[in-house]
Amino acid sequence: MTRWAVLAALALSTTGSSCGYHTVGHTIALPQNVHTIAIPGFVSQSQTFRIEQRLTDAVVREFNARTQFHVIHEAQTDADAVLKGTVLAASATPVAYDSKTGRAASALVTVSIQVTLTDRQGKVLFQNPSYLFHEQYELSRDLTSFFEEDSPAVDRLSRDFARTLVANILEAY
């Protein structure tokens, strides 16, 4: 074989076989017949006020921003798939203390979430029984200008969870 024939064969073999990489957001693991996704309000088993509403809202926003699916808020019979979520636990734990006062200086919000996406026939299309997300926030030291940071921390956590969830569903992670 000549040198050019070997190089041509090598070039053809490397371009003919693909490595499996794809552009993010273009591989959809859901069946082609899924056009409408119902996302009813998540259920909360925690005592944290409205955590399930914030998580649900963030997931709906992320689906609307990143996909072409029609998203509805109630589990109706005309939806092609239903995404259900349950907040298993939510807590805020001090992680750093002020050495002078002994008061907490920062805290960590931790949320555990279970998610299942099913089609009309009840077949599970995606499931993760144990998402775990954390978000740290600082506590105000000046009581006269006290500003609660836990609410923005939960909002940041909700956005991170929604981005991760939608990416996992779309890319079959």
# chains A, B, ... in the order shown; residues from 1 in each chain; ligands from 1
>>> residues_around(residues="Ser158 of chain A", least_positions_apart="6", cutoff="10 Å", atoms="only C-alpha atoms", output="NGL selection string")
:A and (51-59 or 111 or 133-135 or 152 or 164)
>>> residues_around(residues="segment 91-108 of chain A", least_positions_apart="3", cutoff="6 Å", atoms="only C-alpha atoms", output="PyMOL selection string")
chain A and resi 135-139
>>> closest_residue(among="A:Ser112, A:Phe126, A:Ile37, A:Thr67", to="Val82 of chain A", atoms="only C-alpha atoms")
A:Ile37
>>> closest_residue(among="A:Val115, A:Val109, A:Arg120, A:Tyr131", to="Thr48 of chain A", atoms="only C-alpha atoms")
A:Val109
>>> closest_residue(among="A:Thr36, A:Thr86, A:Thr116, A:Ser44", to="Asn168 of chain A", atoms="only C-alpha atoms")
A:Thr116
>>> residues_around(residues="Gln76 of chain A", least_positions_apart="2", cutoff="10 Å", atoms="only C-alpha atoms", output="compact mmCIF listing (two decimals) with N, CA and C atoms, in the first residue's frame")
# COMPACT_ATOMS: atom_id res chain seq x y z
N ILE A 37 -46.28 18.78 28.70
CA ILE A 37 -45.87 18.25 30.01
C ILE A 37 -46.65 18.99 31.09
N ALA A 38 -47.31 18.21 31.91
CA ALA A 38 -48.02 18.78 33.06
C ALA A 38 -47.05 18.80 34.25
N ILE A 39 -46.97 19.94 34.90
CA ILE A 39 -46.14 20.07 36.10
C ILE A 39 -47.03 20.59 37.22
N PRO A 40 -47.75 19.68 37.88
CA PRO A 40 -48.57 20.13 39.02
C PRO A 40 -47.66 20.57 40.16
N ILE A 72 -48.20 22.77 31.16
CA ILE A 72 -49.43 23.10 31.86
C ILE A 72 -49.21 22.82 33.35
N HIS A 73 -50.03 23.45 34.18
CA HIS A 73 -49.78 23.39 35.61
C HIS A 73 -50.56 22.31 36.35
N GLU A 74 -51.49 21.71 35.73
CA GLU A 74 -52.27 20.67 36.40
C GLU A 74 -52.14 19.36 35.64
N ASP A 78 -55.10 15.39 29.07
CA ASP A 78 -54.58 15.70 27.74
C ASP A 78 -53.08 15.95 27.72
N ALA A 79 -52.40 15.86 28.86
CA ALA A 79 -50.95 16.02 28.90
C ALA A 79 -50.29 14.72 28.44
N ASP A 80 -49.21 14.86 27.66
CA ASP A 80 -48.48 13.68 27.19
C ASP A 80 -47.61 13.08 28.29
N ALA A 81 -47.18 13.91 29.25
CA ALA A 81 -46.35 13.46 30.36
C ALA A 81 -46.64 14.31 31.58
N VAL A 82 -46.39 13.75 32.74
CA VAL A 82 -46.61 14.46 34.00
C VAL A 82 -45.34 14.38 34.83
N ARG A 120 -48.54 9.10 29.59
CA ARG A 120 -49.99 8.90 29.80
C ARG A 120 -50.34 7.52 30.33
>>> closest_residue(among="A:Leu132, A:Leu165, A:Leu117, A:Leu157", to="Leu83 of chain A", atoms="only C-alpha atoms")
A:Leu117
>>> select_by_dssp(residues="segment 16-97 of chain A", states="strand (DSSP E)", output="short mmCIF file (atom, residue, chain, number, x, y, z; two decimals) with N, CA and C atoms, in the first residue's frame")
data_model
loop_
_atom_site.label_atom_id
_atom_site.label_comp_id
_atom_site.auth_asym_id
_atom_site.auth_seq_id
_atom_site.Cartn_x
_atom_site.Cartn_y
_atom_site.Cartn_z
N THR A 36 -46.68 17.94 25.37
CA THR A 36 -47.25 18.67 26.50
C THR A 36 -46.83 17.99 27.79
N ILE A 37 -46.28 18.78 28.70
CA ILE A 37 -45.87 18.25 30.01
C ILE A 37 -46.65 18.99 31.09
N ALA A 38 -47.31 18.21 31.91
CA ALA A 38 -48.02 18.78 33.06
C ALA A 38 -47.05 18.80 34.25
N VAL A 43 -45.21 18.53 46.01
CA VAL A 43 -45.72 18.24 47.35
C VAL A 43 -44.56 18.39 48.32
N SER A 44 -44.84 18.90 49.52
CA SER A 44 -43.78 19.05 50.50
C SER A 44 -44.06 18.22 51.74
N HIS A 70 -45.05 22.31 25.56
CA HIS A 70 -46.14 23.10 26.12
C HIS A 70 -46.29 22.65 27.57
N VAL A 71 -46.14 23.57 28.49
CA VAL A 71 -46.19 23.24 29.92
C VAL A 71 -47.52 23.70 30.50
N ILE A 72 -48.20 22.77 31.16
CA ILE A 72 -49.43 23.10 31.86
C ILE A 72 -49.21 22.82 33.35
N ALA A 81 -47.18 13.91 29.25
CA ALA A 81 -46.35 13.46 30.36
C ALA A 81 -46.64 14.31 31.58
N VAL A 82 -46.39 13.75 32.74
CA VAL A 82 -46.61 14.46 34.00
C VAL A 82 -45.34 14.38 34.83
N LEU A 83 -44.88 15.55 35.28
CA LEU A 83 -43.69 15.63 36.14
C LEU A 83 -44.16 15.92 37.56
N LYS A 84 -43.90 14.97 38.46
CA LYS A 84 -44.29 15.13 39.86
C LYS A 84 -43.05 15.22 40.73
N GLY A 85 -43.10 16.10 41.72
CA GLY A 85 -41.98 16.25 42.62
C GLY A 85 -42.44 16.28 44.06
N THR A 86 -41.60 15.77 44.93
CA THR A 86 -41.87 15.78 46.36
C THR A 86 -40.64 16.30 47.09
N VAL A 87 -40.83 17.32 47.90
CA VAL A 87 -39.75 17.81 48.76
C VAL A 87 -39.74 16.89 49.97
N LEU A 88 -38.69 16.09 50.07
CA LEU A 88 -38.61 15.12 51.15
C LEU A 88 -38.16 15.77 52.46
N ALA A 89 -37.25 16.73 52.36
CA ALA A 89 -36.75 17.41 53.56
C ALA A 89 -36.16 18.75 53.15
N ALA A 90 -36.22 19.70 54.07
CA ALA A 90 -35.60 21.01 53.88
C ALA A 90 -35.15 21.50 55.25
N SER A 91 -33.92 22.02 55.28
CA SER A 91 -33.42 22.50 56.56
C SER A 91 -32.41 23.62 56.36
N ALA A 92 -32.23 24.41 57.39
CA ALA A 92 -31.19 25.44 57.41
C ALA A 92 -30.35 25.18 58.65
N THR A 93 -29.05 25.04 58.43
CA THR A 93 -28.13 24.69 59.51
C THR A 93 -27.00 25.71 59.59
N PRO A 94 -26.71 26.24 60.78
CA PRO A 94 -25.57 27.16 60.90
C PRO A 94 -24.27 26.44 60.54
N VAL A 95 -23.39 27.14 59.78
CA VAL A 95 -22.12 26.53 59.40
C VAL A 95 -20.92 27.34 59.90
N ALA A 96 -21.14 28.59 60.27
CA ALA A 96 -20.07 29.42 60.81
C ALA A 96 -20.64 30.33 61.89
N TYR A 97 -19.81 30.58 62.89
CA TYR A 97 -20.24 31.41 64.01
C TYR A 97 -19.32 32.60 64.18
#
>>> atom_distance(atom1="atom CA of His35 of chain A", atom2="atom CA of Thr77 of chain A")
13.3 Å
>>> atom_distance(atom1="atom CA of Ser130 of chain A", atom2="atom CA of Arg61 of chain A")
21.7 Å
>>> atom_distance(atom1="atom CA of Leu125 of chain A", atom2="atom CA of Phe69 of chain A")
15.1 Å
>>> closest_residue(among="A:Leu170, A:Asp150, A:Ile113, A:Asn128", to="Val34 of chain A", atoms="only C-alpha atoms")
A:Leu170
